[in-house]
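target14.cif follows; it contains mmCIF, C-alpha atoms and all ligand atoms.
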data_query
#
loop_
_atom_site.label_atom_id
_atom_site.label_comp_id
_atom_site.auth_asym_id
_atom_site.auth_seq_id
_atom_site.Cartn_x
_atom_site.Cartn_y
_atom_site.Cartn_z
CA MET A 18 98.59 122.69 100.60
CA ARG A 19 101.66 122.35 102.81
CA THR A 20 104.83 121.91 100.78
CA ASP A 21 108.60 122.13 101.31
CA THR A 22 110.73 123.25 98.39
CA ASP A 23 113.71 121.23 99.67
CA CYS A 24 111.74 117.97 99.99
CA ILE A 25 112.26 115.27 97.34
CA PHE A 26 108.71 113.92 97.73
CA CYS A 27 107.20 117.40 97.44
CA LYS A 28 109.16 117.74 94.19
CA ILE A 29 107.65 114.47 92.96
CA VAL A 30 104.16 115.67 93.91
CA ALA A 31 104.82 118.91 92.03
CA GLY A 32 106.00 116.98 88.96
CA GLU A 33 109.45 118.56 89.19
CA ILE A 34 111.20 115.20 89.30
CA PRO A 35 109.92 111.98 87.71
CA CYS A 36 108.55 108.87 89.31
CA PHE A 37 106.95 105.61 88.25
CA LYS A 38 103.45 106.71 89.26
CA LEU A 39 101.07 103.93 90.24
CA TYR A 40 98.08 105.83 91.57
CA GLU A 41 96.95 109.22 92.75
CA ASP A 42 93.86 110.74 94.32
CA GLU A 43 93.07 114.03 96.00
CA HIS A 44 95.30 113.51 99.03
CA THR A 45 97.76 110.74 98.16
CA LEU A 46 100.21 109.54 95.55
CA ALA A 47 101.79 106.10 95.08
CA PHE A 48 104.93 105.33 93.10
CA MET A 49 107.79 102.84 92.89
CA ASP A 50 110.67 103.14 95.36
CA ILE A 51 113.86 104.05 93.51
CA ASN A 52 115.99 101.89 95.87
CA PRO A 53 113.79 98.81 96.11
CA ALA A 54 114.34 96.49 99.06
CA SER A 55 112.38 93.86 97.14
CA THR A 56 110.74 93.44 93.73
CA GLY A 57 107.67 95.66 93.64
CA HIS A 58 108.66 97.92 96.57
CA ALA A 59 106.41 100.97 96.35
CA LEU A 60 105.51 104.01 98.45
CA ALA A 61 102.20 105.63 99.32
CA ILE A 62 102.69 109.26 100.35
CA ALA A 63 100.56 112.17 101.43
CA LYS A 64 100.56 114.90 98.79
CA ALA A 65 100.94 117.57 101.47
CA HIS A 66 104.19 117.89 103.37
CA TRP A 67 103.72 116.40 106.83
CA GLU A 68 106.88 115.02 108.37
CA ASN A 69 105.73 112.01 110.31
CA ILE A 70 102.99 110.18 112.23
CA HIS A 71 103.15 112.79 115.00
CA GLU A 72 102.44 115.68 112.61
CA ILE A 73 100.03 114.37 110.00
CA PRO A 74 96.25 114.77 110.53
CA VAL A 75 94.68 111.37 111.16
CA GLU A 76 92.40 111.54 108.11
CA LEU A 77 95.44 111.99 105.84
CA ALA A 78 97.26 109.11 107.53
CA CYS A 79 94.15 107.01 106.90
CA ALA A 80 94.11 108.10 103.26
CA CYS A 81 97.72 106.91 102.91
CA ILE A 82 96.79 103.53 104.42
CA ALA A 83 93.87 103.25 101.99
CA THR A 84 96.23 103.90 99.09
CA ALA A 85 98.77 101.43 100.51
CA GLN A 86 96.00 98.82 100.70
CA ARG A 87 95.12 99.45 97.06
CA ILE A 88 98.75 99.10 95.95
CA ALA A 89 99.24 95.98 98.10
CA GLY A 90 96.24 94.37 96.43
CA ALA A 91 97.56 95.11 92.96
CA ALA A 92 101.07 93.91 93.90
CA GLN A 93 99.64 90.68 95.32
CA THR A 94 97.78 90.01 92.07
CA ALA A 95 100.60 91.12 89.79
CA LEU A 96 103.63 89.60 91.50
CA SER A 97 102.23 86.80 93.71
CA PRO A 98 104.70 87.47 96.55
CA ASP A 99 104.75 85.19 99.57
CA GLY A 100 103.68 88.13 101.73
CA ILE A 101 103.67 91.93 101.93
CA ASN A 102 104.98 94.18 104.69
CA LEU A 103 103.69 97.69 105.23
CA LEU A 104 106.34 99.81 106.93
CA GLN A 105 106.27 103.42 108.09
CA ALA A 106 109.29 105.11 109.72
CA ASN A 107 109.29 108.13 112.03
CA GLY A 108 112.54 109.91 112.83
CA PRO A 109 116.17 109.09 112.05
CA GLY A 110 116.26 106.59 114.92
CA ALA A 111 113.64 104.56 113.03
CA GLY A 112 115.52 104.87 109.73
CA GLN A 113 113.37 107.61 108.21
CA SER A 114 115.49 109.12 105.43
CA VAL A 115 112.83 111.29 103.76
CA GLN A 116 111.06 113.57 106.21
CA HIS A 117 107.71 113.46 104.39
CA PHE A 118 105.05 110.99 105.60
CA HIS A 119 104.98 107.77 103.58
CA VAL A 120 104.08 104.12 103.86
CA HIS A 121 106.29 101.45 102.30
CA ILE A 122 104.57 98.58 100.48
CA MET A 123 107.15 95.80 100.41
CA PRO A 124 106.34 92.50 98.72
CA ARG A 125 108.23 89.66 100.39
CA TYR A 126 109.60 86.50 98.85
CA ALA A 127 110.90 83.25 100.27
CA GLY A 128 114.57 83.61 101.18
CA ASP A 129 114.58 87.39 101.64
CA GLU A 130 115.07 87.28 105.43
CA HIS A 131 118.14 89.49 104.89
CA LEU A 132 115.69 92.42 104.88
CA LYS A 133 115.89 92.16 108.68
CA ILE A 134 112.47 93.62 109.35
CA ASN A 135 111.30 90.51 111.14
CA TRP A 136 112.40 90.44 114.77
CA GLY A 137 111.35 86.90 115.67
CA LEU A 138 109.19 85.97 118.63
CA ASN A 139 111.40 86.17 121.70
CA PRO A 140 109.52 86.28 125.00
CA GLY A 141 109.99 89.64 126.76
CA ASP A 142 110.60 90.49 130.40
CA THR A 143 107.18 90.94 131.98
CA ASP A 144 108.36 93.70 134.32
CA GLU A 145 109.81 95.66 131.39
CA ILE A 146 106.62 95.22 129.37
CA LYS A 147 104.57 96.35 132.36
CA ALA A 148 106.78 99.40 132.98
CA ALA A 149 106.52 100.55 129.35
CA TYR A 150 102.79 99.81 129.42
CA GLY A 151 102.35 102.00 132.49
CA LYS A 152 104.24 104.91 130.91
CA ILE A 153 102.41 104.78 127.56
CA ALA A 154 98.98 104.21 129.09
CA GLY A 155 99.63 107.17 131.37
CA CYS A 156 100.12 109.44 128.34
CA LEU A 157 96.88 108.46 126.61
CA GLY A 158 94.27 111.14 127.06
P1 LIG A 201 112.45 106.09 104.58
O1 LIG A 201 113.93 105.78 104.68
O2 LIG A 201 111.55 105.19 105.38
O3 LIG A 201 112.21 107.56 104.86
O4 LIG A 201 112.04 105.83 103.06
C1 LIG A 201 112.32 106.72 102.03
C2 LIG A 201 112.31 105.93 100.76
O5 LIG A 201 112.23 106.85 99.70
C3 LIG A 201 113.56 105.07 100.54
O6 LIG A 201 113.21 103.71 100.41
C4 LIG A 201 114.12 105.64 99.24
O7 LIG A 201 114.63 104.63 98.40
C5 LIG A 201 112.92 106.30 98.62
N1 LIG A 201 113.23 107.38 97.70
C6 LIG A 201 114.06 108.43 97.90
N2 LIG A 201 114.08 109.22 96.81
C7 LIG A 201 113.22 108.68 95.91
C8 LIG A 201 112.81 109.01 94.60
N3 LIG A 201 113.26 110.12 93.98
N4 LIG A 201 111.93 108.21 93.95
C9 LIG A 201 111.47 107.11 94.57
N5 LIG A 201 111.81 106.73 95.80
C10 LIG A 201 112.68 107.49 96.48
ZN ZN A 202 107.59 116.99 101.37
#
Taking this structure as input, can you express it in the form of structure tokens?
Amino acid sequence: MRTDTDCIFCKIVAGEIPCFKLYEDEHTLAFMDINPASTGHALAIAKAHWENIHEIPVELACACIATAQRIAGAAQTALSPDGINLLQANGPGAGQSVQHFHVHIMPRYAGDEHLKINWGLNPGDTDEIKAAYGKIAGCLG
């Protein structure tokens, strides 16, 4: 299995540093985030060291989503939040601080808009949308 001795999440997978473990299966592990953005904030990670969505094999990304779904269900039952965000960052520009693929499970509660992960619904410029569309569509095989 791919691992990186300098990676904090690989150390958690290896049992070298502790975590509040919620769930594990062959390919994934879920545990509580140590710097919670909200009550119940948890992470679903791949056990193997893949940096981001560009690197990880699709079946392992799917396994992480399946684990995130399982944790979200338990959090919904246990904590009755008003909603739950799943968040997954790729690269420093997106705020990724741990370079090991993971999905955030973030229960949301009324009044927590300070989390600033909701961008509102502001109509875009159609020409800009179309230009980005053309570029992305052109890179799909
Ligand atoms: P990101 O910034 O999207 O890469 O998310 C990384 C997350 O990992 C942050 O929310 C951190 O609080 C969390 N984190 C870092 N170290 C640990 C740790 N030892 N145990 C639990 N969560 C951690
Ligand atoms: Zn790692």
Å distance separating CA of Lys28 (chain A) from CA of Val115 (chain A), one decimal place: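 Interatomic distance here is 12.1 Å.
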Shell of 10 Å around Asp99 (chain A), all atoms listed in the file, local chain residues under 3 positions omitted, as a VMD selection string: chain A and resid 93 96 124 to 127
Gap from CA of Ile34 (chain A) to atom C5 of ligand LIG 201 (chain A) - Å, one decimal: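 Here the two named atoms are 13.0 Å from each other.
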Using all atoms listed in the file, find each residue with an atom at most 12 Å away from ligand LIG 201 (chain A) and format the answer as number ranges by chain. A: 24-30, 32-39, 46-55, 57-62, 68-69, 103-123
Box dimensions and centre (Å, one decimal) enclosing region 48-59 of chain A, axis-aligned, 5 Å extra per side, as AutoDock Vina command-line options:
--center_x 110.5 --center_y 99.4 --center_z 96.0 --size_x 21.1 --size_y 21.9 --size_z 16.2
For each of A:Lys147, A:His44, A:Arg19, A:Lys152, take the minimum atom-to-atom distance to Thr84 (chain A), counting all atoms listed in the file, then give the residue where this is smallest. A:His44
Could you check which of A:Thr143, A:Thr45, A:Gln86, A:Asn102 is closest to His66 (chain A), using all atoms listed in the file? A:Thr45
Within 12 Å of (93.7, 110.5, 105.9), only C-alpha atoms: residues as a ChimeraX atom specification? /A:42-45,61-65,67,70,73-85,118-119
From the set A:Thr20, A:Tyr40, A:Cys156, A:Glu130, which residue has the shortest atom-to-atom contact distance to Ile88 (chain A), counting only C-alpha atoms?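 For Ile88 (chain A), the nearest of the given residues is A:Tyr40.
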So, with all atoms listed in the file as the atoms that count, which of A:Thr22, A:Thr56, A:Thr94, A:Asn139 lies closest to ligand ZN 202 (chain A)?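 Between A:Thr22, A:Thr56, A:Thr94, A:Asn139, the residue approaching ligand ZN 202 (chain A) most closely is A:Thr22.
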State, in Å with one decimal place, the distance from CA of Ala154 (chain A) to CA of Gly137 (chain A). 25.2 Å
